[in-house]
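> A single structure is presented below for examination.
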Amino acid sequence: MSASWSWFVIILIVINLGGCVWLLWYTSRRRSKSLPTGETTGHTWDGDITEYNKPLPRWWINLFYLTIVFTIAYLVLFPGFGNVQGVLNWSASAQHDADRAEADRLFAERYARFEQMPLAEIAADPEALTVGRNLYAKNCAACHASDGGGARGFPNLTDDVWQWGSTHEAILTSVAQGRVAVMPPLAAALGDDATITAVATYVQQLGGMRVDTGLAAVGKAQYEMVCAACHGIDGRGNEALGASNLTDADWLYGKDLASIREGIIYGRHGVMPAMEPILGPLRTRLVTAYTLSLSPGGQAAIAQARSAPATASASPPTGTGQAP
């Protein structure tokens with residue numbers, strides 16, 4: 001709070017408390033002078049019910065004085081009087097941090113066994129899967145949907161297409177450290193609108209779609225000059241760069257010509273936020289294990305872990321496609 005706002009709050013509090021004290025004093029003063037017997041407010045109901053103008057009882061006025069004393073004591077002990085912190089130096093943020101630290105300690109004690117356990121074995125544990133599902137619902141479902149199906153621009157977690165690699169370590173890295181996938185705008189590099197359309201057509205051909213082969217042949221030459229550095233000559237992408245595989249059926253932003261042209265012209269900027277700074281290492285492992293359980297490959301690894309937990313592999317064969 002700025003100094004000016006602090007003084008505004010302080011002055012407002014002083015005026016309100018002073019006004020309350022004056023009102024109580026004035027009410028007590030009128031009572032001590034003994035109002036004339038039978039003085040009314042002039043209000044009458046149902047013809048014969050009259051409201052008399054009588055002062056508050058002394059005990060009631062004293063209770064109001066006590067509330068003012070309580071208010072002053074509170075403002076001395078706790079923050080509330082502008083920027084004055086109070087003699088106890090209490091703050092809501094410090095209380096929150098202490099409560100969170102205690103909750104984190106209890107959580108770590110209860111689920112410590114999962115800290116070094118392979119992800120497939122964590123996902124094979126019903127209790128861990130329940131906790132992971134709750135963490136996913138709170139932190140991930142807004143983008144990837146409650147069932148993990150994703151949406152336009154947000155990867156589907158229920159398939160085996162992983163843009164940054166499908167090993168369990170790669171998936172954990174995606175969740176823990178986040179990912180930034182940047183497709184630069186290439187309109188200037190390609191030149192004119194016709195060339196952009198030709199390249200988009202060739203990209204559709206790489207994806208197995210029926211296109212104008214003549215136009216695709218024109219786009220192929222430009223693709224190999226401008227796009228192949230990231231997506232590869234064969235269009236299979238590059239997991240190290242997060243460059244999408246253009247030959248599979250998974251299209252994060254749509255596979256129609258207009259959507260592909262839009263990506264080429266304006267570029268794409270996909271951001272997966274880092275969850276470990278938010279959740280901490282243990283919770284990150286639990287939510288990653290739940291994410292793993294949504295995909296067919298992950299389910300196979302979990303089944304293997306349940307049947308032979310001592311030898312279950314934490315790294316299934318690497319795939320390509322979209323990352324979480």
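Residue names in the structure tokens use chain letters A, B, ... in the order shown, residue numbers from 1 in each chain, and ligand numbers from 1 in the order shown.
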With only C-alpha atoms as the counted atoms, please give the residues lying no more than 10 Å from Lys255 (chain A), apart from itself and same-chain residues fewer than 3 positions off, as a short mmCIF file (atom, residue, chain, number, x, y, z; two decimals) with N, CA, C and O atoms, in the first residue's frame.

data_model
loop_
_atom_site.label_atom_id
_atom_site.label_comp_id
_atom_site.auth_asym_id
_atom_site.auth_seq_id
_atom_site.Cartn_x
_atom_site.Cartn_y
_atom_site.Cartn_z
N ALA A 200 1.96 -25.04 -47.72
CA ALA A 200 0.90 -25.62 -46.89
C ALA A 200 0.32 -26.87 -47.54
O ALA A 200 0.01 -27.86 -46.86
N VAL A 203 2.74 -29.69 -47.02
CA VAL A 203 2.64 -30.18 -45.64
C VAL A 203 1.44 -31.11 -45.49
O VAL A 203 1.52 -32.15 -44.83
N GLN A 204 0.32 -30.76 -46.13
CA GLN A 204 -0.84 -31.65 -46.11
C GLN A 204 -0.49 -32.99 -46.78
O GLN A 204 -0.91 -34.05 -46.29
N GLY A 207 1.21 -35.21 -44.50
CA GLY A 207 0.28 -35.78 -43.54
C GLY A 207 -0.64 -36.83 -44.13
O GLY A 207 -1.55 -37.30 -43.44
N MET A 209 -2.72 -36.52 -46.78
CA MET A 209 -3.96 -36.03 -47.34
C MET A 209 -3.87 -35.92 -48.86
O MET A 209 -2.78 -35.77 -49.41
N LEU A 246 5.01 -33.97 -38.90
CA LEU A 246 3.98 -33.57 -39.87
C LEU A 246 3.39 -34.74 -40.62
O LEU A 246 2.51 -34.55 -41.46
N ALA A 249 -1.21 -38.35 -37.68
CA ALA A 249 -2.60 -37.88 -37.75
C ALA A 249 -2.91 -36.83 -36.68
O ALA A 249 -4.05 -36.39 -36.57
N ASP A 250 -1.92 -36.48 -35.88
CA ASP A 250 -2.14 -35.55 -34.78
C ASP A 250 -1.76 -34.13 -35.20
O ASP A 250 -0.59 -33.86 -35.48
N TRP A 251 -2.75 -33.24 -35.23
CA TRP A 251 -2.52 -31.85 -35.63
C TRP A 251 -3.05 -30.95 -34.53
O TRP A 251 -4.25 -30.83 -34.33
N LEU A 252 -2.14 -30.31 -33.83
CA LEU A 252 -2.50 -29.55 -32.64
C LEU A 252 -3.37 -28.34 -32.98
O LEU A 252 -4.25 -27.97 -32.22
N ALA A 258 -6.40 -23.76 -44.29
CA ALA A 258 -6.43 -22.44 -43.67
C ALA A 258 -5.62 -22.41 -42.37
O ALA A 258 -4.88 -21.46 -42.11
N SER A 259 -5.75 -23.47 -41.57
CA SER A 259 -5.02 -23.52 -40.29
C SER A 259 -3.52 -23.64 -40.52
O SER A 259 -2.72 -23.03 -39.82
N ILE A 260 -3.13 -24.46 -41.50
CA ILE A 260 -1.70 -24.62 -41.80
C ILE A 260 -1.13 -23.31 -42.34
O ILE A 260 -0.02 -22.88 -41.95
N ARG A 261 -1.86 -22.63 -43.21
CA ARG A 261 -1.42 -21.33 -43.72
C ARG A 261 -1.28 -20.33 -42.57
O ARG A 261 -0.32 -19.55 -42.53
#
> Can you list, as a list of chain:residue names, every residue of region 125-254 of chain A that DSSP puts in strand (DSSP E)?
A:Arg179, A:Val180, A:Ala181, A:Val182, A:Met183
> When you look at Gly298 (chain A) with a cut-off of 10 Å (counting only C-alpha atoms), what residues show up, excluding the ones that are within fewer than 5 positions of it in the same chain? I need them as a VMD selection string.
chain A and resid 119 to 120 123 158 to 160 166 to 168 289 to 293 303 to 304 314 to 316
> Which residues come within 7 Å of region 276-287 of chain A, counting only C-alpha atoms, excluding same-chain residues fewer than 4 positions away, as a VMD selection string?
chain A and resid 115 128 131 to 133 135 to 136 176 to 177 291
> Just the residues within 12 Å of Leu215 (chain A), please, counting only C-alpha atoms, with nothing from its chain fewer than 5 positions along; format it as a CSV table (one decimal) with N, CA, C and O atoms, in the first residue's frame.

chain,number,residue,atom,x,y,z
A,194,ALA,N,1.1,-17.2,-52.8
A,194,ALA,CA,1.0,-18.4,-53.6
A,194,ALA,C,2.0,-19.4,-53.1
A,194,ALA,O,1.7,-20.6,-53.0
A,195,THR,N,3.2,-18.9,-52.8
A,195,THR,CA,4.2,-19.9,-52.3
A,195,THR,C,3.8,-20.4,-50.9
A,195,THR,O,4.0,-21.6,-50.6
A,196,ILE,N,3.2,-19.6,-50.1
A,196,ILE,CA,2.7,-20.1,-48.8
A,196,ILE,C,1.7,-21.2,-49.0
A,196,ILE,O,1.7,-22.2,-48.3
A,197,THR,N,0.8,-21.0,-49.9
A,197,THR,CA,-0.3,-22.0,-50.2
A,197,THR,C,0.4,-23.3,-50.7
A,197,THR,O,0.0,-24.4,-50.3
A,198,ALA,N,1.4,-23.1,-51.5
A,198,ALA,CA,2.1,-24.3,-52.0
A,198,ALA,C,2.8,-25.1,-50.9
A,198,ALA,O,2.7,-26.3,-50.9
A,199,VAL,N,3.4,-24.4,-50.0
A,199,VAL,CA,4.1,-25.1,-48.9
A,199,VAL,C,3.1,-25.7,-48.0
A,199,VAL,O,3.2,-26.9,-47.6
A,200,ALA,N,2.0,-25.0,-47.7
A,200,ALA,CA,0.9,-25.6,-46.9
A,200,ALA,C,0.3,-26.9,-47.5
A,200,ALA,O,0.0,-27.9,-46.9
A,201,THR,N,0.2,-26.8,-48.9
A,201,THR,CA,-0.3,-28.0,-49.6
A,201,THR,C,0.7,-29.2,-49.5
A,201,THR,O,0.2,-30.3,-49.3
A,202,TYR,N,1.9,-28.9,-49.6
A,202,TYR,CA,2.9,-30.0,-49.4
A,202,TYR,C,2.9,-30.5,-48.0
A,202,TYR,O,3.1,-31.8,-47.8
A,203,VAL,N,2.7,-29.7,-47.0
A,203,VAL,CA,2.6,-30.2,-45.6
A,203,VAL,C,1.4,-31.1,-45.5
A,203,VAL,O,1.5,-32.1,-44.8
A,204,GLN,N,0.3,-30.8,-46.1
A,204,GLN,CA,-0.8,-31.7,-46.1
A,204,GLN,C,-0.5,-33.0,-46.8
A,204,GLN,O,-0.9,-34.1,-46.3
A,205,GLN,N,0.3,-32.9,-47.8
A,205,GLN,CA,0.7,-34.2,-48.5
A,205,GLN,C,1.5,-35.0,-47.6
A,205,GLN,O,1.4,-36.3,-47.5
A,210,ARG,N,-5.0,-36.0,-49.5
A,210,ARG,CA,-5.1,-35.9,-51.0
A,210,ARG,C,-5.0,-34.4,-51.3
A,210,ARG,O,-5.8,-33.6,-50.9
A,220,LYS,N,7.2,-28.3,-52.2
A,220,LYS,CA,8.3,-29.2,-51.6
A,220,LYS,C,9.6,-28.5,-51.7
A,220,LYS,O,10.4,-28.6,-50.7
A,221,ALA,N,10.0,-27.8,-52.7
A,221,ALA,CA,11.3,-27.2,-52.9
A,221,ALA,C,11.4,-26.1,-51.8
A,221,ALA,O,12.5,-26.0,-51.2
A,222,GLN,N,10.3,-25.3,-51.6
A,222,GLN,CA,10.4,-24.2,-50.6
A,222,GLN,C,10.4,-24.8,-49.2
A,222,GLN,O,11.1,-24.3,-48.3
> Expressed in Å to a single decimal, how great is the separation between CA of Pro185 (chain A) and CA of Glu262 (chain A)?
9.1 Å
> I need the helix (DSSP H, G or I) residues of region 87-245 of chain A per DSSP on the backbone, written as a ChimeraX atom specification.
/A:92-110,112-114,119-123,126-139,141-144,168-177,187-190,193-206,213-226,228-231
> Write out as a list in words each polymer residue whose atoms come within 9 Å of Val182 (chain A), counting only C-alpha atoms; drop sequence neighbours fewer than 2 positions from it.
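So, after excluding close chain neighbours, the residues are Val180, Pro184, Gly242, Ala243, Gly267, Arg268, His269, Gly270 and Val271 of chain A.
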> Check the smallest atom-to-atom distance from each of A:Ala124, A:Val84, A:Leu75, A:Cys20 to Ala308 (chain A) using only C-alpha atoms, then report the winner.
A:Ala124
